[in-house]
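Just upload_36.pdb here, PDB, C-alpha atoms, pLDDT in the B column:
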ATOM      1  CA  MET A   1      11.058  52.137   8.675  1.00 55.00           C
ATOM      2  CA  GLU A   2       7.487  53.350   8.204  1.00 65.00           C
ATOM      3  CA  GLN A   3       5.403  51.247   5.841  1.00 75.00           C
ATOM      4  CA  ARG A   4       3.555  53.319   3.273  1.00 84.00           C
ATOM      5  CA  SER A   5      -0.096  52.743   2.469  1.00 92.00           C
ATOM      6  CA  TYR A   6      -2.432  53.613  -0.374  1.00 94.00           C
ATOM      7  CA  ASN A   7      -5.134  54.048   2.292  1.00 95.00           C
ATOM      8  CA  GLN A   8      -7.790  52.355   0.157  1.00 96.00           C
ATOM      9  CA  PHE A   9     -10.266  49.680   1.255  1.00 96.00           C
ATOM     10  CA  CYS A  10      -9.513  47.576  -1.815  1.00 97.00           C
ATOM     11  CA  ALA A  11      -7.947  44.102  -2.063  1.00 97.00           C
ATOM     12  CA  THR A  12      -5.462  45.203  -4.739  1.00 96.00           C
ATOM     13  CA  ALA A  13      -4.403  48.258  -2.752  1.00 97.00           C
ATOM     14  CA  ARG A  14      -4.120  46.253   0.494  1.00 96.00           C
ATOM     15  CA  THR A  15      -1.924  43.694  -1.300  1.00 97.00           C
ATOM     16  CA  LEU A  16       0.316  46.418  -2.700  1.00 96.00           C
ATOM     17  CA  ASP A  17       0.574  47.909   0.792  1.00 96.00           C
ATOM     18  CA  ILE A  18       2.243  44.625   1.779  1.00 96.00           C
ATOM     19  CA  VAL A  19       4.314  43.666  -1.273  1.00 96.00           C
ATOM     20  CA  GLY A  20       4.645  46.910  -3.215  1.00 95.00           C
ATOM     21  CA  GLU A  21       7.883  48.166  -1.650  1.00 94.00           C
ATOM     22  CA  ARG A  22      11.044  47.880  -3.754  1.00 93.00           C
ATOM     23  CA  TRP A  23      12.794  44.477  -3.424  1.00 96.00           C
ATOM     24  CA  THR A  24       9.882  42.825  -1.599  1.00 97.00           C
ATOM     25  CA  LEU A  25       8.573  40.796  -4.545  1.00 97.00           C
ATOM     26  CA  LEU A  26      12.118  39.837  -5.527  1.00 97.00           C
ATOM     27  CA  LEU A  27      12.620  38.446  -2.024  1.00 97.00           C
ATOM     28  CA  ILE A  28       9.405  36.472  -2.483  1.00 97.00           C
ATOM     29  CA  ARG A  29      10.779  35.255  -5.823  1.00 96.00           C
ATOM     30  CA  GLU A  30      13.948  33.983  -4.162  1.00 96.00           C
ATOM     31  CA  LEU A  31      12.070  32.227  -1.344  1.00 97.00           C
ATOM     32  CA  LEU A  32       9.608  30.541  -3.725  1.00 95.00           C
ATOM     33  CA  THR A  33      12.383  28.087  -4.629  1.00 92.00           C
ATOM     34  CA  GLY A  34      13.004  27.117  -1.006  1.00 93.00           C
ATOM     35  CA  PRO A  35      14.467  28.480   2.256  1.00 95.00           C
ATOM     36  CA  LYS A  36      17.435  30.827   1.932  1.00 96.00           C
ATOM     37  CA  ARG A  37      20.062  32.058   4.361  1.00 96.00           C
ATOM     38  CA  PHE A  38      20.693  35.779   4.714  1.00 97.00           C
ATOM     39  CA  GLY A  39      23.933  35.443   2.750  1.00 95.00           C
ATOM     40  CA  ASP A  40      22.190  33.522  -0.036  1.00 94.00           C
ATOM     41  CA  LEU A  41      19.686  36.342  -0.461  1.00 96.00           C
ATOM     42  CA  GLN A  42      22.418  38.958  -0.406  1.00 95.00           C
ATOM     43  CA  LYS A  43      24.319  37.090  -3.125  1.00 91.00           C
ATOM     44  CA  SER A  44      21.269  36.759  -5.390  1.00 91.00           C
ATOM     45  CA  LEU A  45      20.065  40.346  -4.953  1.00 94.00           C
ATOM     46  CA  ARG A  46      23.050  42.435  -5.907  1.00 88.00           C
ATOM     47  CA  GLY A  47      22.403  46.080  -5.107  1.00 89.00           C
ATOM     48  CA  LEU A  48      20.312  45.362  -2.020  1.00 93.00           C
ATOM     49  CA  GLY A  49      22.319  46.604   0.954  1.00 94.00           C
ATOM     50  CA  THR A  50      22.592  44.701   4.210  1.00 95.00           C
ATOM     51  CA  GLY A  51      20.496  47.207   6.154  1.00 96.00           C
ATOM     52  CA  LEU A  52      17.663  47.300   3.650  1.00 96.00           C
ATOM     53  CA  LEU A  53      17.682  43.513   3.297  1.00 97.00           C
ATOM     54  CA  SER A  54      17.315  43.167   7.069  1.00 97.00           C
ATOM     55  CA  ALA A  55      14.485  45.701   7.071  1.00 95.00           C
ATOM     56  CA  ARG A  56      12.628  43.962   4.232  1.00 96.00           C
ATOM     57  CA  LEU A  57      12.961  40.528   5.879  1.00 97.00           C
ATOM     58  CA  LYS A  58      11.684  41.898   9.186  1.00 97.00           C
ATOM     59  CA  GLN A  59       8.731  43.426   7.349  1.00 96.00           C
ATOM     60  CA  LEU A  60       7.982  40.098   5.646  1.00 97.00           C
ATOM     61  CA  GLU A  61       7.963  38.492   9.088  1.00 98.00           C
ATOM     62  CA  ARG A  62       5.680  41.171  10.550  1.00 96.00           C
ATOM     63  CA  ASP A  63       3.305  40.808   7.597  1.00 97.00           C
ATOM     64  CA  GLY A  64       3.172  37.025   8.004  1.00 98.00           C
ATOM     65  CA  LEU A  65       4.740  36.225   4.633  1.00 98.00           C
ATOM     66  CA  ALA A  66       8.035  34.725   5.868  1.00 98.00           C
ATOM     67  CA  HIS A  67       9.496  33.251   9.023  1.00 98.00           C
ATOM     68  CA  LYS A  68      12.840  32.029  10.336  1.00 97.00           C
ATOM     69  CA  ILE A  69      13.629  28.320  10.322  1.00 97.00           C
ATOM     70  CA  MET A  70      16.618  26.141  11.172  1.00 95.00           C
ATOM     71  CA  LEU A  71      18.032  24.260   8.207  1.00 93.00           C
ATOM     72  CA  PRO A  72      18.521  20.527   8.778  1.00 89.00           C
ATOM     73  CA  PRO A  73      21.997  18.930   9.085  1.00 85.00           C
ATOM     74  CA  PRO A  74      24.600  19.334   7.803  1.00 84.00           C
ATOM     75  CA  ALA A  75      23.823  23.067   7.406  1.00 79.00           C
ATOM     76  CA  ARG A  76      22.315  23.683  10.879  1.00 84.00           C
ATOM     77  CA  THR A  77      21.994  27.422  10.218  1.00 93.00           C
ATOM     78  CA  ARG A  78      19.101  29.861  10.335  1.00 95.00           C
ATOM     79  CA  ALA A  79      17.278  30.654   7.131  1.00 97.00           C
ATOM     80  CA  TYR A  80      14.113  32.345   5.911  1.00 98.00           C
ATOM     81  CA  ALA A  81      11.155  30.475   4.446  1.00 98.00           C
ATOM     82  CA  LEU A  82       7.754  31.530   3.162  1.00 98.00           C
ATOM     83  CA  THR A  83       4.609  31.018   5.199  1.00 98.00           C
ATOM     84  CA  GLU A  84       1.433  29.658   3.604  1.00 98.00           C
ATOM     85  CA  ALA A  85       0.400  33.222   2.784  1.00 98.00           C
ATOM     86  CA  GLY A  86       3.791  33.875   1.179  1.00 98.00           C
ATOM     87  CA  GLU A  87       3.627  30.680  -0.888  1.00 97.00           C
ATOM     88  CA  GLU A  88       0.228  31.725  -2.240  1.00 98.00           C
ATOM     89  CA  LEU A  89       1.916  34.692  -3.916  1.00 97.00           C
ATOM     90  CA  GLY A  90       3.596  32.175  -6.241  1.00 95.00           C
ATOM     91  CA  PRO A  91       0.977  32.322  -9.044  1.00 94.00           C
ATOM     92  CA  ALA A  92       1.082  36.132  -8.994  1.00 96.00           C
ATOM     93  CA  VAL A  93       4.879  36.135  -9.287  1.00 95.00           C
ATOM     94  CA  MET A  94       4.676  33.565 -12.105  1.00 93.00           C
ATOM     95  CA  ALA A  95       2.116  35.716 -13.923  1.00 94.00           C
ATOM     96  CA  LEU A  96       4.419  38.732 -13.636  1.00 95.00           C
ATOM     97  CA  ALA A  97       7.297  36.629 -14.988  1.00 93.00           C
ATOM     98  CA  ARG A  98       5.271  35.465 -17.989  1.00 92.00           C
ATOM     99  CA  TRP A  99       4.176  39.042 -18.700  1.00 94.00           C
ATOM    100  CA  GLY A 100       7.790  40.183 -18.428  1.00 93.00           C
ATOM    101  CA  MET A 101       9.029  37.530 -20.841  1.00 90.00           C
ATOM    102  CA  THR A 102       6.497  38.729 -23.400  1.00 91.00           C
ATOM    103  CA  TRP A 103       6.484  42.483 -22.860  1.00 93.00           C
ATOM    104  CA  ALA A 104       9.528  43.584 -20.851  1.00 92.00           C
ATOM    105  CA  MET A 105      12.680  41.539 -21.413  1.00 88.00           C
ATOM    106  CA  GLY A 106      14.413  42.237 -24.711  1.00 84.00           C
ATOM    107  CA  GLU A 107      18.216  42.328 -24.706  1.00 88.00           C
ATOM    108  CA  ARG A 108      20.277  42.231 -21.532  1.00 89.00           C
ATOM    109  CA  ARG A 109      21.371  45.725 -20.532  1.00 91.00           C
ATOM    110  CA  GLU A 110      24.912  46.583 -19.545  1.00 92.00           C
ATOM    111  CA  GLY A 111      25.493  46.000 -15.842  1.00 90.00           C
ATOM    112  CA  GLU A 112      22.389  43.851 -15.313  1.00 92.00           C
ATOM    113  CA  ALA A 113      22.954  40.909 -12.977  1.00 90.00           C
ATOM    114  CA  PHE A 114      21.990  37.423 -14.087  1.00 91.00           C
ATOM    115  CA  HIS A 115      21.965  34.150 -12.149  1.00 89.00           C
ATOM    116  CA  PRO A 116      21.340  30.820 -13.913  1.00 89.00           C
ATOM    117  CA  GLY A 117      19.434  29.719 -10.799  1.00 88.00           C
ATOM    118  CA  TRP A 118      16.643  32.136 -11.706  1.00 90.00           C
ATOM    119  CA  ALA A 119      15.728  29.605 -14.395  1.00 90.00           C
ATOM    120  CA  VAL A 120      14.226  27.464 -11.619  1.00 92.00           C
ATOM    121  CA  LEU A 121      11.190  29.738 -11.624  1.00 92.00           C
ATOM    122  CA  ALA A 122      11.399  30.469 -15.354  1.00 90.00           C
ATOM    123  CA  LEU A 123      10.844  26.769 -16.018  1.00 92.00           C
ATOM    124  CA  ARG A 124       7.585  26.942 -14.089  1.00 93.00           C
ATOM    125  CA  SER A 125       6.540  30.039 -16.017  1.00 91.00           C
ATOM    126  CA  CYS A 126       7.213  28.403 -19.386  1.00 90.00           C
ATOM    127  CA  PHE A 127       5.817  24.972 -18.537  1.00 94.00           C
ATOM    128  CA  VAL A 128       3.032  23.778 -20.862  1.00 95.00           C
ATOM    129  CA  SER A 129       0.887  21.600 -18.611  1.00 95.00           C
ATOM    130  CA  GLU A 130      -1.257  20.281 -21.486  1.00 96.00           C
ATOM    131  CA  ALA A 131       1.845  18.806 -23.130  1.00 95.00           C
ATOM    132  CA  ALA A 132       2.671  16.884 -19.939  1.00 96.00           C
ATOM    133  CA  ALA A 133      -0.631  15.014 -19.560  1.00 94.00           C
ATOM    134  CA  GLY A 134       0.122  11.504 -18.285  1.00 94.00           C
ATOM    135  CA  LEU A 135       3.875  12.192 -18.142  1.00 96.00           C
ATOM    136  CA  GLN A 136       6.145  11.310 -15.230  1.00 96.00           C
ATOM    137  CA  ALA A 137       9.726  12.453 -15.717  1.00 97.00           C
ATOM    138  CA  THR A 138      12.619  14.267 -14.086  1.00 97.00           C
ATOM    139  CA  TYR A 139      14.803  16.654 -16.072  1.00 97.00           C
ATOM    140  CA  GLU A 140      18.100  17.864 -14.611  1.00 97.00           C
ATOM    141  CA  PHE A 141      19.761  21.043 -15.871  1.00 96.00           C
ATOM    142  CA  ARG A 142      23.448  21.861 -15.436  1.00 96.00           C
ATOM    143  CA  VAL A 143      24.589  25.397 -16.195  1.00 94.00           C
ATOM    144  CA  GLY A 144      28.183  25.912 -15.153  1.00 85.00           C
ATOM    145  CA  SER A 145      28.297  25.352 -11.392  1.00 88.00           C
ATOM    146  CA  GLU A 146      24.499  25.716 -11.078  1.00 92.00           C
ATOM    147  CA  VAL A 147      22.379  22.551 -11.010  1.00 96.00           C
ATOM    148  CA  PHE A 148      18.579  22.417 -10.792  1.00 95.00           C
ATOM    149  CA  HIS A 149      15.862  20.018 -11.822  1.00 96.00           C
ATOM    150  CA  ALA A 150      12.212  19.725 -12.758  1.00 97.00           C
ATOM    151  CA  ASP A 151       9.939  16.926 -11.561  1.00 97.00           C
ATOM    152  CA  ILE A 152       6.904  16.480 -13.823  1.00 97.00           C
ATOM    153  CA  ASP A 153       3.936  14.421 -12.687  1.00 96.00           C
ATOM    154  CA  ASP A 154       0.859  14.335 -14.921  1.00 93.00           C
ATOM    155  CA  SER A 155       0.594  18.004 -15.940  1.00 92.00           C
ATOM    156  CA  SER A 156       2.073  19.363 -12.700  1.00 95.00           C
ATOM    157  CA  ILE A 157       5.622  20.536 -12.162  1.00 96.00           C
ATOM    158  CA  GLU A 158       7.950  21.157  -9.242  1.00 95.00           C
ATOM    159  CA  THR A 159      11.294  22.835  -9.874  1.00 94.00           C
ATOM    160  CA  LEU A 160      14.078  22.800  -7.307  1.00 93.00           C
ATOM    161  CA  HIS A 161      17.689  23.841  -6.852  1.00 92.00           C
ATOM    162  CA  GLY A 162      20.228  21.036  -6.726  1.00 93.00           C
ATOM    163  CA  PRO A 163      20.655  17.724  -8.542  1.00 96.00           C
ATOM    164  CA  ALA A 164      17.880  15.170  -8.958  1.00 96.00           C
ATOM    165  CA  GLN A 165      18.234  11.774  -7.311  1.00 94.00           C
ATOM    166  CA  HIS A 166      17.343   9.819 -10.448  1.00 95.00           C
ATOM    167  CA  PRO A 167      17.088  12.108 -13.485  1.00 97.00           C
ATOM    168  CA  ASP A 168      15.596  10.673 -16.663  1.00 98.00           C
ATOM    169  CA  VAL A 169      17.272  13.345 -18.789  1.00 97.00           C
ATOM    170  CA  VAL A 170      20.287  15.571 -18.084  1.00 97.00           C
ATOM    171  CA  ILE A 171      20.768  18.794 -20.082  1.00 95.00           C
ATOM    172  CA  GLU A 172      24.031  20.747 -19.982  1.00 96.00           C
ATOM    173  CA  THR A 173      24.391  24.235 -21.386  1.00 94.00           C
ATOM    174  CA  THR A 174      25.969  27.622 -20.699  1.00 93.00           C
ATOM    175  CA  GLU A 175      24.860  30.816 -19.019  1.00 92.00           C
ATOM    176  CA  ASP A 176      24.919  32.610 -22.376  1.00 91.00           C
ATOM    177  CA  VAL A 177      22.342  30.175 -23.761  1.00 90.00           C
ATOM    178  CA  LEU A 178      20.016  30.870 -20.822  1.00 89.00           C
ATOM    179  CA  ILE A 179      20.447  34.612 -21.354  1.00 89.00           C
ATOM    180  CA  ASP A 180      19.458  34.201 -25.007  1.00 88.00           C
ATOM    181  CA  MET A 181      16.399  32.170 -23.968  1.00 85.00           C
ATOM    182  CA  ALA A 182      15.384  34.881 -21.495  1.00 83.00           C
ATOM    183  CA  ALA A 183      15.646  37.403 -24.349  1.00 82.00           C
ATOM    184  CA  GLY A 184      13.282  35.283 -26.447  1.00 80.00           C
ATOM    185  CA  LYS A 185      15.922  33.765 -28.730  1.00 82.00           C
ATOM    186  CA  GLY A 186      14.713  30.173 -28.817  1.00 77.00           C
ATOM    187  CA  GLY A 187      14.265  27.504 -26.166  1.00 79.00           C
ATOM    188  CA  PHE A 188      15.813  24.225 -25.089  1.00 81.00           C
ATOM    189  CA  GLY A 189      14.663  22.418 -28.204  1.00 79.00           C
ATOM    190  CA  GLU A 190      16.469  24.880 -30.441  1.00 82.00           C
ATOM    191  CA  ALA A 191      19.564  24.836 -28.204  1.00 87.00           C
ATOM    192  CA  LEU A 192      19.753  21.060 -28.550  1.00 85.00           C
ATOM    193  CA  ARG A 193      19.323  21.218 -32.313  1.00 86.00           C
ATOM    194  CA  ASN A 194      22.125  23.752 -32.774  1.00 88.00           C
ATOM    195  CA  CYS A 195      24.370  21.954 -30.235  1.00 89.00           C
ATOM    196  CA  THR A 196      24.617  24.851 -27.778  1.00 91.00           C
ATOM    197  CA  ALA A 197      23.185  22.378 -25.261  1.00 92.00           C
ATOM    198  CA  ILE A 198      23.875  18.667 -24.911  1.00 94.00           C
ATOM    199  CA  ALA A 199      21.644  16.047 -23.371  1.00 94.00           C
ATOM    200  CA  THR A 200      21.804  12.467 -22.189  1.00 95.00           C
ATOM    201  CA  GLY A 201      19.139  10.061 -21.018  1.00 96.00           C
ATOM    202  CA  ASP A 202      15.807   8.747 -22.227  1.00 96.00           C
ATOM    203  CA  GLU A 203      15.461   9.718 -25.906  1.00 93.00           C
ATOM    204  CA  ALA A 204      11.663   9.672 -25.888  1.00 94.00           C
ATOM    205  CA  LEU A 205      11.537  12.064 -22.931  1.00 94.00           C
ATOM    206  CA  LEU A 206      14.247  14.196 -24.477  1.00 92.00           C
ATOM    207  CA  SER A 207      12.191  14.583 -27.662  1.00 89.00           C
ATOM    208  CA  ARG A 208       9.346  16.105 -25.611  1.00 91.00           C
ATOM    209  CA  LEU A 209      11.492  18.829 -24.065  1.00 88.00           C
ATOM    210  CA  GLY A 210      10.729  21.332 -26.821  1.00 85.00           C
ATOM    211  CA  VAL A 211       6.966  21.131 -26.223  1.00 91.00           C
ATOM    212  CA  LEU A 212       7.110  20.997 -22.412  1.00 93.00           C
ATOM    213  CA  PHE A 213       8.904  24.339 -21.988  1.00 90.00           C
ATOM    214  CA  ILE A 214       8.030  27.115 -24.435  1.00 87.00           C
ATOM    215  CA  TRP A 215       9.316  30.650 -23.972  1.00 84.00           C
ATOM    216  CA  PRO A 216       6.765  33.344 -24.883  1.00 85.00           C
ATOM    217  CA  THR A 217       7.372  35.287 -28.092  1.00 86.00           C
ATOM    218  CA  PRO A 218       8.551  38.822 -27.180  1.00 88.00           C
ATOM    219  CA  GLN A 219       6.201  41.631 -28.142  1.00 90.00           C
ATOM    220  CA  LYS A 220       6.616  45.395 -28.353  1.00 90.00           C
ATOM    221  CA  ARG A 221       4.544  47.399 -25.898  1.00 91.00           C
ATOM    222  CA  ARG A 222       4.137  50.341 -28.258  1.00 86.00           C
ATOM    223  CA  PRO A 223       2.037  49.876 -31.433  1.00 79.00           C
TER     224      PRO A 223
END

Show me this structure written as structure tokens.
Amino acid sequence: MEQRSYNQFCATARTLDIVGERWTLLLIRELLTGPKRFGDLQKSLRGLGTGLLSARLKQLERDGLAHKIMLPPPARTRAYALTEAGEELGPAVMALARWGMTWAMGERREGEAFHPGWAVLALRSCFVSEAAAGLQATYEFRVGSEVFHADIDDSSIETLHGPAQHPDVVIETTEDVLIDMAAGKGGFGEALRNCTAIATGDEALLSRLGVLFIWPTPQKRRP
């Protein structure tokens, strides 16, 4: 498949030559939370056919953004992971996510796919680093069968799929609550207050949840 080019000697244009094809940035999004097998990517990106997924992954490899690895035991299967260059696209993807939460989300449209695991990156996008100064804590989130966690260490955050080894706080909620949050209808603090989420663990750390993760207020693009 021929790769299109804007044919401009410009850093923005050169970047879009590499990541501007449809599905490419969404593949980067998926790999930002860790290595993924081909089947994992196919499951998360409904609508992306097998042939096109293969082509996009091969292009990511050719462009030096991703490479194949072998997952450790017990998996022992091949997966795709980002290279250093691919990882450095993280802030750009986060910036796009924050812009989208403010200017593009709104209500969920009929037929739109949603995976609770996408909240792993949303937590990074909504993290208020100033509110975490001097804080060390691990928050675990359980949404149906999906489990992910956030490790906070003095204004920095790492979010990962899977359970935490020693969570300080555990929050349980539903997929519908996450969908409402994505649409700008409150955050975790509000969900805890109205009992659509429940939490256990350190009460002092729990009380800070509402200031650590703040969803942007949706805005209309047209005046």

**Report entry** Selection result of the PyMOL selection byres ((chain A and resi 144-149) around 7) on this file, as an NGL selection string
**Finding:** :A and (116-117 or 120 or 138-143 or 150-151 or 159-164 or 174)

Report task. Expand the PyMOL selection byres ((chain A and resi 205) around 9) into the individual residues it matches in the shown file, reporting them as a list in words. Result ->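 Here the PyMOL selection byres ((chain A and resi 205) around 9) matches Ala137, Tyr139, Asp168, Val169, Gly201, Asp202, Glu203, Ala204, Leu206, Ser207, Arg208 and Leu209 of chain A.
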
Requested in this report: Go through the shown structure with the PyMOL selection byres ((chain A and resi 72-81) around 9) and write out the matching residues as a list in words.
Outcome: Leu31, Leu32, Gly34, Pro35, Lys36, Arg37, Phe38, Leu57, Leu65, Ala66, His67, Lys68, Ile69, Met70, Leu71, Leu82, Thr83 and Gly86 of chain A

Report summary line: CA of Glu112 in chain A sits from CA of Gly100 in chain A at a separation of 15.4 Å

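When only C-alpha atoms are used to compute distances to Arg221 in chain A, the closest of the residues A:Gly106, A:Gly189, A:Gly20, A:Gly64 turns out to be A:Gly106.
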
**Report entry** Counting only C-alpha atoms, the option among A:Leu25, A:Ile171, A:Ala197, A:Ala113 closest to Arg46 in chain A
**Finding:**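 Under the stated criterion, the closest residue is A:Ala113.
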
Requested in this report: Could you please determine the separation between CA of Glu172 in chain A and CA of Ala122 in chain A in Å, to one decimal place?
Outcome: 16.6 Å

Using the file's own x, y and z axes, what box holds all listed atoms of range 188-204 of chain A with 4 Å on each side, keeping edges along x, y and z, and what are its centre and edge lengths in Å to one decimal, as lines of an AutoDock Vina configuration file?
center_x = 18.1
center_y = 16.8
center_z = -26.9
size_x = 21.0
size_y = 24.1
size_z = 19.8

Query - Residues within 7 Å of Cys126 in chain A, all atoms listed in the file, excluding chain neighbours under 3 positions, as an MDAnalysis selection string - result: chainID A and resid 122:123 213:215

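Taking CA of Thr24 in chain A and CA of Arg56 in chain A as the two end points, the separation is 6.5 Å.
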
Report task. For each of A:Glu130, A:Asp17, A:Glu190, A:Glu30, take the minimum atom-to-atom distance to Val93 in chain A, counting all atoms listed in the file, then give the residue where this is smallest. Result -> A:Glu30

List the neighbours of Arg108 in chain A out to 12 Å using only C-alpha atoms; skip same-chain residues closer than 3 positions along the sequence, and give me the result as a PDB file with C-alpha atoms, in the frame of the given file.
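See out30.pdb below for the written result:
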ATOM      1  CA  ALA A 104       9.528  43.584 -20.851  1.00 92.00           C
ATOM      2  CA  MET A 105      12.680  41.539 -21.413  1.00 88.00           C
ATOM      3  CA  GLY A 111      25.493  46.000 -15.842  1.00 90.00           C
ATOM      4  CA  GLU A 112      22.389  43.851 -15.313  1.00 92.00           C
ATOM      5  CA  ALA A 113      22.954  40.909 -12.977  1.00 90.00           C
ATOM      6  CA  PHE A 114      21.990  37.423 -14.087  1.00 91.00           C
ATOM      7  CA  ASP A 176      24.919  32.610 -22.376  1.00 91.00           C
ATOM      8  CA  LEU A 178      20.016  30.870 -20.822  1.00 89.00           C
ATOM      9  CA  ILE A 179      20.447  34.612 -21.354  1.00 89.00           C
ATOM     10  CA  ASP A 180      19.458  34.201 -25.007  1.00 88.00           C
ATOM     11  CA  MET A 181      16.399  32.170 -23.968  1.00 85.00           C
ATOM     12  CA  ALA A 182      15.384  34.881 -21.495  1.00 83.00           C
ATOM     13  CA  ALA A 183      15.646  37.403 -24.349  1.00 82.00           C
ATOM     14  CA  GLY A 184      13.282  35.283 -26.447  1.00 80.00           C
ATOM     15  CA  LYS A 185      15.922  33.765 -28.730  1.00 82.00           C
TER      16      LYS A 185
END

Query - For Trp23 in chain A: contacts at 9 Å, all atoms listed in the file, fewer than 2 positions along chain excluded, given as a list in words - result: Val19, Gly20, Glu21, Leu25, Leu26, Leu27, Ile28, Leu45, Leu48, Leu53 and Arg56 of chain A

Report task. List the neighbours of Arg124 in chain A out to 8 Å using only C-alpha atoms; skip same-chain residues closer than 6 positions along the sequence, and give me the result as a PyMOL selection string. Result -> chain A and resi 94+157-159

Query raised in the report: A:Ser156, A:Thr217, A:Pro223, A:Thr196: which is nearest Trp99 in chain A, counting all atoms listed in the file?
Result: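 Selected residue with least distance to Trp99 in chain A: A:Thr217.
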
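The smallest atom-to-atom distance between Thr102 in chain A and any of A:Pro218, A:Leu16, A:Ala199, A:His115, using all atoms listed in the file, is found for A:Pro218.
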
Query - Which residue of A:Lys220, A:Lys43, A:Arg62, A:Arg193 approaches Ile18 in chain A most closely, using all atoms listed in the file - result: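 Using all atoms listed in the file, the shortest distance to Ile18 in chain A belongs to A:Arg62.
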
Can you fill out range 113-126 of chain A with N, CA and C atoms and hand it back as an mmCIF file, in the frame of the given file?
data_model
loop_
_atom_site.group_PDB
_atom_site.id
_atom_site.type_symbol
_atom_site.label_atom_id
_atom_site.label_comp_id
_atom_site.auth_asym_id
_atom_site.auth_seq_id
_atom_site.Cartn_x
_atom_site.Cartn_y
_atom_site.Cartn_z
ATOM 1 N N ALA A 113 22.565 42.191 -13.556
ATOM 2 C CA ALA A 113 22.954 40.909 -12.977
ATOM 3 C C ALA A 113 22.121 39.788 -13.583
ATOM 4 N N PHE A 114 22.712 38.600 -13.626
ATOM 5 C CA PHE A 114 21.990 37.423 -14.087
ATOM 6 C C PHE A 114 22.517 36.210 -13.339
ATOM 7 N N HIS A 115 21.587 35.380 -12.821
ATOM 8 C CA HIS A 115 21.965 34.150 -12.149
ATOM 9 C C HIS A 115 21.248 32.984 -12.830
ATOM 10 N N PRO A 116 21.987 31.979 -13.279
ATOM 11 C CA PRO A 116 21.340 30.820 -13.913
ATOM 12 C C PRO A 116 20.261 30.197 -13.036
ATOM 13 N N GLY A 117 20.422 30.297 -11.709
ATOM 14 C CA GLY A 117 19.434 29.719 -10.799
ATOM 15 C C GLY A 117 18.054 30.329 -10.919
ATOM 16 N N TRP A 118 17.963 31.530 -11.504
ATOM 17 C CA TRP A 118 16.643 32.136 -11.706
ATOM 18 C C TRP A 118 15.805 31.315 -12.679
ATOM 19 N N ALA A 119 16.463 30.456 -13.460
ATOM 20 C CA ALA A 119 15.728 29.605 -14.395
ATOM 21 C C ALA A 119 14.839 28.604 -13.671
ATOM 22 N N VAL A 120 15.076 28.386 -12.378
ATOM 23 C CA VAL A 120 14.226 27.464 -11.619
ATOM 24 C C VAL A 120 12.776 27.925 -11.666
ATOM 25 N N LEU A 121 12.546 29.214 -11.514
ATOM 26 C CA LEU A 121 11.190 29.738 -11.624
ATOM 27 C C LEU A 121 10.768 29.942 -13.079
ATOM 28 N N ALA A 122 11.729 30.281 -13.942
ATOM 29 C CA ALA A 122 11.399 30.469 -15.354
ATOM 30 C C ALA A 122 10.835 29.189 -15.959
ATOM 31 N N LEU A 123 11.359 28.044 -15.516
ATOM 32 C CA LEU A 123 10.844 26.769 -16.018
ATOM 33 C C LEU A 123 9.368 26.598 -15.668
ATOM 34 N N ARG A 124 9.000 27.017 -14.472
ATOM 35 C CA ARG A 124 7.585 26.942 -14.089
ATOM 36 C C ARG A 124 6.748 27.864 -14.958
ATOM 37 N N SER A 125 7.286 29.056 -15.227
ATOM 38 C CA SER A 125 6.540 30.039 -16.017
ATOM 39 C C SER A 125 6.314 29.567 -17.441
ATOM 40 N N CYS A 126 7.278 28.817 -17.979
ATOM 41 C CA CYS A 126 7.213 28.403 -19.386
ATOM 42 C C CYS A 126 6.671 26.996 -19.562
#
